[in-house]
Amino acid sequence: MTLHIPFDNTYARLPSGFFSRQAPTPVSAPSLVAFNDALAADLGIAGHDDPRLAAVFAGNALPEGAEPLAQLYAGHQFGQFNPQLGDGRALLLGEVVGRDGIRRDIQLKGSGPTPYSRMGDGRAWLGPVLREYVVSEAMHALGVPTTRALAAVRTGDPVLREGPLPGAVLTRVAQSHIRVGTFQIFAARRDAGALQTLYDYTLARHDPEADGPADLLQRVIRWQAALVAQWMSLGFIHGVMNTDNCTLSGETIDYGPCAFMDAYDPETVFSSIDRFGRYGYAAQADIIVWNMAQLATALIPLMPDPEAAVEEFTAMVHAMPDLIRAEWQARFAAKIGISAPRPEDKTLIADLLTRMQANGADFTNTFRALADGTARDQFTDPAAFDQWAESWQARLGAEPDPQALMRRANPAFIPRNHRIEQMIAAAVEGDDAPFHRLNTVLARPYDDQPEAEDLRRPPAPDEVVRATFCGT
Ligand code: AMP
Ligand code: MG
């Protein structure tokens, strides 16, 4: 069947200052690595067997109805405000309204230079493309709000990084690509008209119920508080929580040097460029508040009485840590089988985490093992677990079905860093089997899959990944 994408574009109707129209730059020899049939079906996209898929998702052929454009935005990068960023290597092809009635962007990433490329080549190499494909789809299967991956294509062209690497293009699907940085650019330019237009557009797209900018801010704060608590409950570290990588939809976006921890350590940092641990595992709960303060600042000019708004928004941002704590507590309580958390459960959870850290316990496997009674094996000193388990068992007394709750909250499978690295190394050699296997297993992260036990194993000492790199 021929490929048909039912485009229904709205961003392209916004004023021209919001983006630059830009066609993708063709590549030499597109070949399809993956096409996400299930996601395509949900989006109403037909033609998964069309031989032109590779050409279309490499940017060599534009599908009917596409209106490619590079979006403009700004952002705080590691605390420094950059007044103009924008899609330097990505292009929005257009939007589709899925079977669920939700509008989503379809974006090519790695499709060539744009007016916002600065010194970059507008390209991506195969490693980060496959990493984002696997991790974003795994996050979705884990139940985390996230952008998705529709396709990955090899370009046949080398991309020059430290040396030549195989080039690739990812097709990303998102509820929108509106970032905190999208509001920041118009606020910084004091362009009240554009800010109002963006606000109206965001409201219509994400939050038709919201009643004014304060209400929008409150909702985004709630979504982001829930999101970061959920990341932490899975041991996920985003790695580059710059304000341009923080969405108004509450979806996880921009999988660069992201990683899941193996052994529990709240200070874990993977990203090679995060030298001060600004975006480390536990720091995420603080930095998201900082990011929401930047959103609040950008929304102030929309308010009729800016001085009163400063006071109101400050109070909302200051209340965010409590929201995160409540979300965190609910998530971690479920992880130990508690359905209705009480304030004092925080001590029980913290005590377990402290013991896990001291005993080199694997984050994912320890929580998963709680339900089958084998968690003590994860501790170098199993007695440290046994002591904790006494208070835990006492607390669980009245819980109706803690085992079932824990199995829903604690995945067996996460995309472990060393498996991702091994998968990329194989794909660079032309072997995509590990990539497909990871996708298959990670589509059911809460199910036991005896044939995939090897993917649950933490890294052997020589497999440990200590640093991850940006997708550039
Ligand atoms: P990121 O850290 O991936 O969120 O990217 C930050 C900014 O750098 C964004 O504006 C990107 O579009 C831009 N960028 C990243 N890599 C490239 C590249 N290879 N070529 C052009 N722009 C890039
Ligand atoms: Mg980004």
# chains A, B, ... in the order shown; residues from 1 in each chain; ligands from 1
$ residues_around --residues "range 362-374 of chain A" --least-positions-apart "5" --cutoff "9 Å" --atoms "only C-alpha atoms" --output "list in words"
Leu234, Gly235, Met261, Asp262, Ala263, Tyr264, Asp265, Lys335, Ile336, Gly337, Leu353, Met356, Gln357, Phe379, Pro402, Gln403, Ala404, Leu405, Met406, Arg407, Ala409, Asn410, Pro411, Ala412, Phe413, Ile414, Arg456, Arg457 and Pro458 of chain A
$ atom_distance --atom1 "CA of Pro30 in chain A" --atom2 "CA of Arg154 in chain A"
5.6 Å
$ residues_near_ligand --ligand "ligand 2" --cutoff "9 Å" --atoms "only C-alpha atoms and all ligand atoms" --output "CSV table (one decimal) with N, CA, C and O atoms, in the first residue's frame"
chain,number,residue,atom,x,y,z
A,85,LEU,N,18.1,29.6,19.8
A,85,LEU,CA,18.6,28.2,19.4
A,85,LEU,C,17.8,27.8,18.2
A,85,LEU,O,18.1,28.3,17.1
A,86,GLY,N,16.7,27.0,18.4
A,86,GLY,CA,15.9,26.6,17.3
A,86,GLY,C,16.4,25.2,16.8
A,86,GLY,O,17.4,24.7,17.2
A,87,ASP,N,15.5,24.7,15.9
A,87,ASP,CA,15.8,23.3,15.3
A,87,ASP,C,17.1,23.5,14.4
A,87,ASP,O,17.0,23.9,13.3
A,240,VAL,N,20.2,16.3,30.2
A,240,VAL,CA,20.3,17.6,29.7
A,240,VAL,C,19.0,18.4,29.9
A,240,VAL,O,18.3,18.7,28.9
A,241,MET,N,18.7,18.7,31.1
A,241,MET,CA,17.4,19.3,31.4
A,241,MET,C,17.4,20.8,31.1
A,241,MET,O,17.0,21.6,32.0
A,242,ASN,N,18.0,21.2,30.0
A,242,ASN,CA,18.0,22.6,29.6
A,242,ASN,C,16.5,23.1,29.4
A,242,ASN,O,15.7,22.2,29.1
A,243,THR,N,16.3,24.3,29.4
A,243,THR,CA,14.9,24.7,29.3
A,243,THR,C,14.3,24.5,27.9
A,243,THR,O,13.1,24.4,27.6
A,244,ASP,N,15.2,24.4,26.9
A,244,ASP,CA,14.8,24.0,25.6
A,244,ASP,C,14.5,22.5,25.4
A,244,ASP,O,14.0,22.1,24.4
A,245,ASN,N,14.8,21.8,26.4
A,245,ASN,CA,14.5,20.3,26.4
A,245,ASN,C,13.4,20.0,27.4
A,245,ASN,O,13.4,18.9,27.9
A,246,CYS,N,12.6,20.9,27.7
A,246,CYS,CA,11.5,20.8,28.7
A,246,CYS,C,10.2,21.3,28.0
A,246,CYS,O,10.1,22.4,27.6
A,253,ILE,N,11.4,14.8,26.5
A,253,ILE,CA,11.9,15.1,25.1
A,253,ILE,C,13.4,15.2,25.1
A,253,ILE,O,14.0,15.5,26.1
A,254,ASP,N,14.0,14.9,23.9
A,254,ASP,CA,15.4,15.1,23.7
A,254,ASP,C,16.3,14.1,24.5
A,254,ASP,O,16.9,14.5,25.4
A,255,TYR,N,16.2,12.9,24.0
A,255,TYR,CA,17.1,11.9,24.6
A,255,TYR,C,18.5,12.0,24.1
A,255,TYR,O,18.8,11.5,23.0
A,256,GLY,N,19.3,12.6,24.8
A,256,GLY,CA,20.7,12.8,24.4
A,256,GLY,C,21.5,11.8,25.3
A,256,GLY,O,21.5,10.6,25.1
$ residues_around --residues "Ser391 in chain A" --least-positions-apart "4" --cutoff "8 Å" --atoms "only C-alpha atoms" --output "list of chain:residue names"
A:Leu348, A:Gln387, A:Arg395
$ atom_distance --atom1 "CA of Gln80 in chain A" --atom2 "CA of Tyr281 in chain A"
20.7 Å
$ residues_around --residues "His436 in chain A" --least-positions-apart "4" --cutoff "10 Å" --atoms "only C-alpha atoms" --output "PyMOL selection string"
chain A and resi 33-34+134+423+431-432+440-442
$ select_by_dssp --residues "range 227-439 of chain A" --states "strand (DSSP E or B)" --output "list in words"
Phe236, Ile237, Thr247, Thr252, Ala259, Phe260, Ala263, Ser271 and Asp362 of chain A
$ atom_distance --atom1 "CA of Asn9 in chain A" --atom2 "atom 11 (C, counted along the ligand's line) of ligand 1"
22.5 Å
$ select_by_dssp --residues "range 205-321 of chain A" --states "helix (DSSP H, G or I)" --output "VMD selection string"
chain A and resid 205 to 206 213 to 233 243 to 245 284 to 302 306 to 318 320 to 321
$ residues_near_ligand --ligand "ligand 1" --cutoff "10 Å" --atoms "only C-alpha atoms and all ligand atoms" --output "ChimeraX atom specification"
/A:70-75,77,82,84-91,109-125,159-161,239-246,253-257,470-472
$ residues_around --residues "Pro166 in chain A" --least-positions-apart "4" --cutoff "7 Å" --atoms "only C-alpha atoms" --output "list in words"
Trp125, Leu126, Gly156, Asp157, Pro158, Val159 and Val428 of chain A
$ write_last_selection --atoms "N, CA, C and O atoms" --output "short mmCIF file (atom, residue, chain, number, x, y, z; two decimals), in the first residue's frame"
data_model
loop_
_atom_site.label_atom_id
_atom_site.label_comp_id
_atom_site.auth_asym_id
_atom_site.auth_seq_id
_atom_site.Cartn_x
_atom_site.Cartn_y
_atom_site.Cartn_z
N TRP A 125 24.29 10.94 13.98
CA TRP A 125 24.86 9.64 13.59
C TRP A 125 24.01 8.52 14.15
O TRP A 125 23.13 8.74 14.98
N LEU A 126 24.25 7.34 13.66
CA LEU A 126 23.40 6.19 13.95
C LEU A 126 23.25 5.92 15.46
O LEU A 126 22.16 5.55 15.91
N GLY A 156 23.45 6.45 4.55
CA GLY A 156 24.48 6.06 3.59
C GLY A 156 25.61 7.07 3.51
O GLY A 156 26.58 6.86 2.79
N ASP A 157 25.48 8.16 4.26
CA ASP A 157 26.54 9.19 4.27
C ASP A 157 27.25 9.17 5.61
O ASP A 157 26.62 8.99 6.65
N PRO A 158 28.57 9.40 5.59
CA PRO A 158 29.27 9.50 6.87
C PRO A 158 28.99 10.84 7.54
O PRO A 158 28.72 11.83 6.87
N VAL A 159 29.00 10.83 8.87
CA VAL A 159 28.89 12.06 9.65
C VAL A 159 30.21 12.19 10.38
O VAL A 159 30.70 11.21 10.96
N VAL A 428 26.63 -0.40 14.08
CA VAL A 428 27.68 0.25 13.29
C VAL A 428 28.34 -0.77 12.36
O VAL A 428 28.73 -0.45 11.25
#
$ residues_around --residues "Gln230 in chain A" --least-positions-apart "3" --cutoff "10 Å" --atoms "only C-alpha atoms" --output "JSON, numbers by chain"
{"A": [142, 143, 144, 145, 224, 225, 226, 227, 233, 234, 235, 236, 324, 327, 328, 330, 331, 332]}
$ residues_around --residues "Asp8 in chain A" --least-positions-apart "6" --cutoff "9 Å" --atoms "only C-alpha atoms" --output "JSON, numbers by chain"
{"A": [65, 66, 94, 95, 96, 97, 103]}
$ closest_residue --among "A:Gln329, A:Ser339, A:Ala214, A:Arg355" --to "Met303 in chain A" --atoms "only C-alpha atoms"
A:Ala214
$ closest_residue --among "A:Val173, A:Ala309, A:Ala319, A:Val129" --to "Thr147 in chain A" --atoms "only C-alpha atoms"
A:Val173
